[in-house]
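Notes follow the structure.
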Amino acid sequence: MNLLTWLSDSWVVLRWRSLLGSVFGLLVFGVGVCYSGVLVGEGKVFVRFTNLRGDDGEILVRVHVVPNSNKPFGWGGWTVYVGDEEGERKGLEGKWLGPGERSGWVDIGRGMSVRGTRSPDSYLAPVLCGVETSGGKAGLHLLAEVAEGRGRRIIRRVEVHKDELRAGKEREYPWILGYSVWNGSGPFLPTLGLLVPSRGEIASRVYTLEEALEWQLGFIEEFPKRGRRPTQFVFVTRGQPGILDALGYNGYPADTVEGNFGDEIWISLKMPEDEQNRRFREYLKGKGFDPLEFIGEDEIVRAKQLSEEKWWGVVKISPSLADRPKQFYESANYRYRLWYEELAARTKEFGEKHRGKRVLTGANFSPHMNVWPDVRQWVGPFKAGAMTMTWTEDWWWQIPEVSPQVYGFLLDALRLGGSYHGAACQFYVMPFTGNSPANFRRMNALGLAHSVKILNHFHTEAQVLTTWDYVSVMDSPRTYQAIHDVIRDVGAVEDRLYPAAPLRAEIAIMLSRASDTWDTEDIGGGGHLYSAKYNVNNEERKAIWLALRHGQYAVDLITDEDIAEGRLGPYKALYVVGSEMLRAAAGPLRKWVADGGVVYATGGGGLLDEYHGELTELYDMYGIEGHELARHGRHVRPRGMLKGMKSSDTLTIKAFDWTTGEISLPAYFYRETLDAKAGGEVVGRYSGDGSAGVVVNRFGKGRTIFCGGLGGIAYVQAAVTESSEVLPTAFSEDVRELVTVPARWAGVVRPVETSDPLVEAQYFSGPEGDIVVLINWRDRVSEGLVVRFPGKAGIKRVRSLRAAGYFKGHLHEQNKGELEVRDTDGVAQVTLDLGICDYLVVD
């Protein structure tokens, strides 16, 4: 936690401490060991019940301990029924507790986890005591006693009398509850819910659900109300209505409906396979393909024995055959085309059901495990108009990525997808343990910096109704303050930010449909990327993106399809990663470079087309006569594999224009040698055999640099940390200098830049004016940060949300938070201290 976060949270800490005593110190400063699947055990925590009804109603108590872990009982948790005896419900007929009768002591430690998955050591285990009354009588009249031994040291007695409660078909928190997974199983009974400490030496008080809820609402009410509740950006989550309202969640406006087509989905076709084959054959015929190129080796002999008109009957869309490059590429991609049709039909059907509404249809695309925006899933459906809302999630700490900042790369892919038809973007940002309150703030700001309009906090419910993902009651003061602040901060700046868009970048990184198809060869050319192993090209793109962002450059993504369609024109520099590129893109790319564009190529440089034919027409553009790519590995989990990795060779790159000295570049995973032609200058050679590994070239008015080693992966390798709880900082400055050379060659102007490479800045401009989003990717305050605006002239006034302190309303209406604007060499700049994130209103 940095100083600013600490100071802003300190008032909550003091109040929390006064309420919960010594729990605070252990919670904040001692995380403890992992107790996943470990039970409190027998003989430690007990409960017993007394029927306090005033009539003749007998009761049976369903005691359900929510596990907050999938071990050892599975997602359903531990349940026992209690009357005169305890056991299964069906075995207790005639053994219910009569009025005034008391049960024996029930050992609930047998079912309690020592620590829930998302909880601190001061974990409070939910124990739900649902009461079934004979004859279906209404009311909950119960005495519950919790003890730390069988009849010894009673730590809480709770007496409840609620006449109006009655079993029902729906849950009514906190008094009518179910049990089992996500509390979704009935019957939903009148319930006394208890939060019982699993470790009495740390926390000894038992809370009722009502007490915990009232306490949470109380401390939320005392949060300083800076800014305002947003009305344009959408914030959604699941949780208790009272808490959500107090935190400022606004939900979708009345004229908007969301059509959720699935969670963590990937390509899945409902069309029968026979129809898929028929459609595929008709498509190929229309393209003039030879059917024999689409028949596998095991069937080609049999097919040739048939008449030519019957050859098409042997062609199948599945499986994709890697030894038949045309069949492999076309079949894999045609399946996506059919998928788009099915998604479009669902969007149309949903729209017809909600006529007159703004319809947002989408599906949460999971980034697991590769944070890989395969063009065909992350861009294609939206370019085809099949869905109207892009969507992903941020479980970054569960994935072995170098930095959570790389999710900006993923969001930029969705920004590209949304750009074709104006699709809005939704981003899940998880608020519970795994995402610290500080990183939760960062990830919300990251979403906003990359054009997210809908922020979904998934699940802000306490541990009571949830097996796994929840905001622990004991963590909720800091977490809820972070949520509250994020929402009201956005409300304060949304008049500027919501209608605005990032200034168009002058740099683009190419995503490639052709490359993605061949990089998913191990999973049949497409599908769920969770298990896809050939991810090195994607990791290199991400790492280059990160180096450029650390170089303070704005970056867009573009596809090889876009380049083929002539969309490269507005850009000055392009980064090409991977062997494959659509043949149709080669000509436009070549012309763009001849007209003055700059290309940085690596990992094959796009020199194979979608059918693995050579694109030799690009050789003169790169200043080479040939190349040889050796891929020693195609799979990487960055945080798990890069630390301490040894390279197969090293590229020594001499100083050349726009670099300041010799650079040593380890050749991780790939080693590509280049045969330079006349005019192509070799500036880097491998230490192993002296062969050329980096060639720079002038082509027409443009320039190219072809790097045989993976500069992006070399850039991030030194920065890898062992834990997701530590933000990486030790990135290679030398390699960043190399990777950003094309931007300097091209004369790219940064619209905004900061003096700290690990402070991300995004400049937005819109009809209501300009605004900058700043995010600090260090675990400490960036003091004396200089923010310059080389791409904007005439700046007279800059106001900071953080510097403005506490106010109500819109930041642009305040006469506070103003930073001194200085002119240095004709460029406006301001200076500030940056904790986690800030918003600068620029006039």
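To be explicit about the labels: the chains of the structure tokens are called A, B, and onward in the order shown, and within each one the residues are counted from 1, while ligands get numbers from 1 in the order they are shown.
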
For this session: Tell me, as a list in words, which residues lie within 7 Å of range 382-384 of chain A, counting only C-alpha atoms; anything in the same chain fewer than 3 positions away does not count.
Result: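 Contacts, with the query itself left out: Tyr340, Val379, Met387, Thr388, Gly417, Gly418 and Tyr420 of chain A.
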
Using only N, CA, C and O atoms, please write the residues we just selected to a file, as a PDB file, in the first residue's frame.
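Listing of selection07.pdb after writing:
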```pdb
ATOM      1  N   TYR A 340     -20.341 -16.570 -36.367  1.00  0.00           N
ATOM      2  CA  TYR A 340     -20.832 -15.184 -36.425  1.00  0.00           C
ATOM      3  C   TYR A 340     -22.298 -15.151 -36.866  1.00  0.00           C
ATOM      4  O   TYR A 340     -23.099 -14.356 -36.348  1.00  0.00           O
ATOM      5  N   VAL A 379     -12.229  -9.861 -32.227  1.00  0.00           N
ATOM      6  CA  VAL A 379     -12.492  -8.758 -33.158  1.00  0.00           C
ATOM      7  C   VAL A 379     -13.562  -9.143 -34.173  1.00  0.00           C
ATOM      8  O   VAL A 379     -14.504  -8.374 -34.430  1.00  0.00           O
ATOM      9  N   MET A 387     -22.459  -9.174 -32.666  1.00  0.00           N
ATOM     10  CA  MET A 387     -22.785  -8.764 -31.301  1.00  0.00           C
ATOM     11  C   MET A 387     -22.513  -7.279 -31.168  1.00  0.00           C
ATOM     12  O   MET A 387     -21.776  -6.699 -31.968  1.00  0.00           O
ATOM     13  N   THR A 388     -23.087  -6.679 -30.149  1.00  0.00           N
ATOM     14  CA  THR A 388     -23.026  -5.229 -30.035  1.00  0.00           C
ATOM     15  C   THR A 388     -22.323  -4.746 -28.782  1.00  0.00           C
ATOM     16  O   THR A 388     -22.353  -3.556 -28.473  1.00  0.00           O
ATOM     17  N   GLY A 417     -12.318  -4.036 -31.929  1.00  0.00           N
ATOM     18  CA  GLY A 417     -13.548  -4.732 -32.306  1.00  0.00           C
ATOM     19  C   GLY A 417     -14.758  -3.826 -32.262  1.00  0.00           C
ATOM     20  O   GLY A 417     -15.627  -3.874 -33.134  1.00  0.00           O
ATOM     21  N   GLY A 418     -14.816  -2.995 -31.239  1.00  0.00           N
ATOM     22  CA  GLY A 418     -15.951  -2.092 -31.102  1.00  0.00           C
ATOM     23  C   GLY A 418     -15.951  -0.937 -32.072  1.00  0.00           C
ATOM     24  O   GLY A 418     -16.987  -0.292 -32.281  1.00  0.00           O
ATOM     25  N   TYR A 420     -15.726  -0.805 -35.326  1.00  0.00           N
ATOM     26  CA  TYR A 420     -16.346  -0.958 -36.644  1.00  0.00           C
ATOM     27  C   TYR A 420     -17.800  -0.503 -36.656  1.00  0.00           C
ATOM     28  O   TYR A 420     -18.269   0.099 -37.618  1.00  0.00           O
TER      29      TYR A 420
END
```

Exercise. Which neighbours of range 628-644 of chain A fall inside 6 Å, counting only C-alpha atoms, when residues of the same chain fewer than 4 positions from it are skipped, and could you give them as a VMD selection string?
Worked result: chain A and resid 400 to 402 533 to 536 669 to 673 717 720

For this session: Write out as a PyMOL selection string the residues lying within 12 Å of Asp55 in chain A, counting only C-alpha atoms and excluding same-chain residues fewer than 6 positions away.
Result: chain A and resi 98-100+133-135+137-141+163

For this session: Using only C-alpha atoms, determine which residues lie at most 12 Å from Ser69 in chain A, disregarding the query and same-chain residues fewer than 3 positions distant; provide the list as a count of residues only.
Result: 33

For this session: Could you give me, as a PyMOL selection string, the residues within 10 Å of Val257 in chain A, counting only C-alpha atoms and dropping anything in the same chain fewer than 5 positions from it?
Result: chain A and resi 252+350-351+354+357-361

Problem set entry | Residues flagged alpha helix (DSSP H) by DSSP in range 252-292 of chain A, as number ranges by chain | A: 273-287

Identify, on the basis of only C-alpha atoms, every residue whose closest approach to range 548-558 of chain A does not exceed 9 Å; exclude the query and any residue fewer than 2 positions from it along the same chain; express the result as an mmCIF file with C-alpha atoms, in the first residue's frame.
```cif
data_model
loop_
_atom_site.group_PDB
_atom_site.id
_atom_site.type_symbol
_atom_site.label_atom_id
_atom_site.label_comp_id
_atom_site.auth_asym_id
_atom_site.auth_seq_id
_atom_site.Cartn_x
_atom_site.Cartn_y
_atom_site.Cartn_z
ATOM 1 C CA PHE A 409 -3.505 -4.771 -24.737
ATOM 2 C CA ASP A 412 -7.300 -2.345 -27.026
ATOM 3 C CA ALA A 413 -8.241 -5.423 -29.060
ATOM 4 C CA ARG A 415 -11.610 -1.306 -28.590
ATOM 5 C CA LEU A 416 -10.667 -2.265 -32.146
ATOM 6 C CA PRO A 502 -8.461 8.404 -27.056
ATOM 7 C CA LEU A 503 -6.648 10.545 -29.573
ATOM 8 C CA ARG A 504 -5.874 8.361 -32.555
ATOM 9 C CA ALA A 505 -2.497 6.730 -32.150
ATOM 10 C CA GLU A 506 0.161 7.005 -34.847
ATOM 11 C CA ILE A 507 1.523 3.546 -33.981
ATOM 12 C CA ALA A 508 -0.240 0.223 -34.566
ATOM 13 C CA ILE A 509 0.553 -3.379 -33.698
ATOM 14 C CA MET A 510 -0.749 -5.893 -36.204
ATOM 15 C CA LEU A 511 -3.007 -8.666 -35.028
ATOM 16 C CA SER A 512 -3.181 -11.384 -37.654
ATOM 17 C CA ALA A 543 5.422 -7.187 -24.539
ATOM 18 C CA ILE A 544 6.039 -4.801 -27.456
ATOM 19 C CA TRP A 545 2.786 -3.050 -26.559
ATOM 20 C CA LEU A 546 4.030 -2.725 -22.983
ATOM 21 C CA ASP A 560 -4.071 -7.946 -41.384
ATOM 22 C CA GLU A 561 -7.611 -7.815 -42.812
ATOM 23 C CA ASP A 562 -7.726 -4.086 -42.041
ATOM 24 C CA ILE A 563 -4.394 -3.601 -43.804
ATOM 25 C CA ARG A 567 -6.935 1.027 -43.220
ATOM 26 C CA LEU A 568 -3.216 1.485 -42.496
ATOM 27 C CA ARG A 736 12.873 -0.364 -24.820
ATOM 28 C CA GLU A 737 15.118 2.041 -26.697
ATOM 29 C CA VAL A 739 11.781 -1.350 -29.679
ATOM 30 C CA THR A 740 10.790 2.305 -29.844
ATOM 31 C CA ALA A 743 8.393 5.496 -33.481
ATOM 32 C CA VAL A 748 5.497 10.014 -33.854
ATOM 33 C CA VAL A 749 4.274 12.782 -31.558
ATOM 34 C CA ARG A 750 3.045 11.761 -28.135
ATOM 35 C CA PRO A 751 -0.158 13.596 -27.201
ATOM 36 C CA VAL A 752 0.826 13.247 -23.529
ATOM 37 C CA GLU A 753 3.925 11.886 -21.803
ATOM 38 C CA THR A 754 5.127 11.491 -18.235
ATOM 39 C CA ASP A 756 8.046 8.078 -15.212
ATOM 40 C CA PRO A 757 7.873 5.234 -17.777
ATOM 41 C CA LEU A 758 5.678 3.219 -15.419
ATOM 42 C CA VAL A 759 3.005 5.882 -15.307
ATOM 43 C CA GLU A 760 0.535 5.212 -18.098
ATOM 44 C CA ALA A 761 -1.137 8.252 -19.615
ATOM 45 C CA GLN A 762 -4.039 8.277 -22.058
ATOM 46 C CA TYR A 763 -5.239 11.503 -23.669
#
```

For this session: One decimal, Å: what's the distance from CA of Val206 in chain A over to CA of Arg153 in chain A, could you say?
Result: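 Pair CA of Val206 in chain A / CA of Arg153 in chain A returns 13.0 Å.
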
Problem set entry | Close residues, Ile399 in chain A itself excluded, 8 Å, only C-alpha atoms, min 3 positions apart in chain, as number ranges by chain | A: 368-370, 395-396

I need the residues from that last selection saved to file as an mmCIF file, in the first residue's frame (with all heavy atoms), if you can.
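Here's the written file result-v6.cif:
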```cif
data_model
loop_
_atom_site.group_PDB
_atom_site.id
_atom_site.type_symbol
_atom_site.label_atom_id
_atom_site.label_comp_id
_atom_site.auth_asym_id
_atom_site.auth_seq_id
_atom_site.Cartn_x
_atom_site.Cartn_y
_atom_site.Cartn_z
ATOM 1 N N HIS A 368 -8.190 -16.344 -19.974
ATOM 2 C CA HIS A 368 -7.365 -17.467 -19.476
ATOM 3 C C HIS A 368 -6.885 -18.323 -20.633
ATOM 4 O O HIS A 368 -7.630 -18.567 -21.561
ATOM 5 C CB HIS A 368 -8.169 -18.340 -18.527
ATOM 6 C CG HIS A 368 -8.875 -17.608 -17.431
ATOM 7 N ND1 HIS A 368 -8.494 -16.362 -16.979
ATOM 8 C CD2 HIS A 368 -9.969 -17.924 -16.698
ATOM 9 C CE1 HIS A 368 -9.301 -15.967 -16.016
ATOM 10 N NE2 HIS A 368 -10.203 -16.886 -15.831
ATOM 11 N N MET A 369 -5.707 -18.866 -20.616
ATOM 12 C CA MET A 369 -4.637 -18.562 -19.697
ATOM 13 C C MET A 369 -3.639 -17.621 -20.357
ATOM 14 O O MET A 369 -2.638 -17.271 -19.759
ATOM 15 C CB MET A 369 -3.896 -19.853 -19.323
ATOM 16 C CG MET A 369 -4.612 -20.746 -18.374
ATOM 17 S SD MET A 369 -4.697 -20.054 -16.708
ATOM 18 C CE MET A 369 -2.983 -20.141 -16.193
ATOM 19 N N ASN A 370 -3.898 -17.196 -21.565
ATOM 20 C CA ASN A 370 -2.860 -16.535 -22.359
ATOM 21 C C ASN A 370 -3.038 -15.040 -22.584
ATOM 22 O O ASN A 370 -2.170 -14.417 -23.173
ATOM 23 C CB ASN A 370 -2.767 -17.225 -23.728
ATOM 24 C CG ASN A 370 -2.334 -18.667 -23.632
ATOM 25 O OD1 ASN A 370 -1.261 -18.963 -23.143
ATOM 26 N ND2 ASN A 370 -3.177 -19.584 -24.075
ATOM 27 N N TRP A 395 -9.072 -11.427 -14.268
ATOM 28 C CA TRP A 395 -8.482 -12.325 -13.260
ATOM 29 C C TRP A 395 -6.960 -12.381 -13.401
ATOM 30 O O TRP A 395 -6.357 -13.455 -13.395
ATOM 31 C CB TRP A 395 -9.049 -13.727 -13.435
ATOM 32 C CG TRP A 395 -10.520 -13.829 -13.216
ATOM 33 C CD1 TRP A 395 -11.495 -13.712 -14.156
ATOM 34 C CD2 TRP A 395 -11.178 -14.097 -11.974
ATOM 35 N NE1 TRP A 395 -12.731 -13.887 -13.578
ATOM 36 C CE2 TRP A 395 -12.562 -14.123 -12.230
ATOM 37 C CE3 TRP A 395 -10.731 -14.315 -10.671
ATOM 38 C CZ2 TRP A 395 -13.511 -14.354 -11.245
ATOM 39 C CZ3 TRP A 395 -11.678 -14.545 -9.691
ATOM 40 C CH2 TRP A 395 -13.039 -14.567 -9.977
ATOM 41 N N TRP A 396 -6.318 -11.246 -13.503
ATOM 42 C CA TRP A 396 -4.911 -11.193 -13.877
ATOM 43 C C TRP A 396 -4.016 -11.894 -12.858
ATOM 44 O O TRP A 396 -2.987 -12.463 -13.216
ATOM 45 C CB TRP A 396 -4.473 -9.735 -14.053
ATOM 46 C CG TRP A 396 -4.582 -8.918 -12.807
ATOM 47 C CD1 TRP A 396 -5.651 -8.176 -12.416
ATOM 48 C CD2 TRP A 396 -3.600 -8.782 -11.791
ATOM 49 N NE1 TRP A 396 -5.405 -7.582 -11.199
ATOM 50 C CE2 TRP A 396 -4.150 -7.938 -10.794
ATOM 51 C CE3 TRP A 396 -2.310 -9.278 -11.612
ATOM 52 C CZ2 TRP A 396 -3.446 -7.592 -9.648
ATOM 53 C CZ3 TRP A 396 -1.614 -8.938 -10.461
ATOM 54 C CH2 TRP A 396 -2.191 -8.097 -9.498
#
```

For this session: Pick out each residue of range 405-630 of chain A that DSSP on the backbone tags as strand (DSSP E or B); I need them as number ranges by chain.
Result: A: 424-428, 454-456, 501-502, 507-511, 556-559, 573-577, 580, 598-602, 608, 614, 624-630

Problem set entry | Nearest to Leu727 in chain A, chosen from A:Asp516, A:Glu214, A:Asp779, A:Glu768, with only C-alpha atoms counted in the distances |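 Comparing A:Asp516, A:Glu214, A:Asp779, A:Glu768 against Leu727 in chain A, the winner is A:Asp779.
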
Exercise. With distances taken over only C-alpha atoms, which of A:His612, A:Gly688, A:Arg376, A:Pro241 is nearest to Ser648 in chain A?
Worked result: A:Gly688

Exercise. Using only C-alpha atoms, which residue out of A:Gly422, A:Pro224, A:Gly242, A:Gly83 lies closest to Lys95 in chain A?
Worked result: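 Selected residue with least distance to Lys95 in chain A: A:Gly83.
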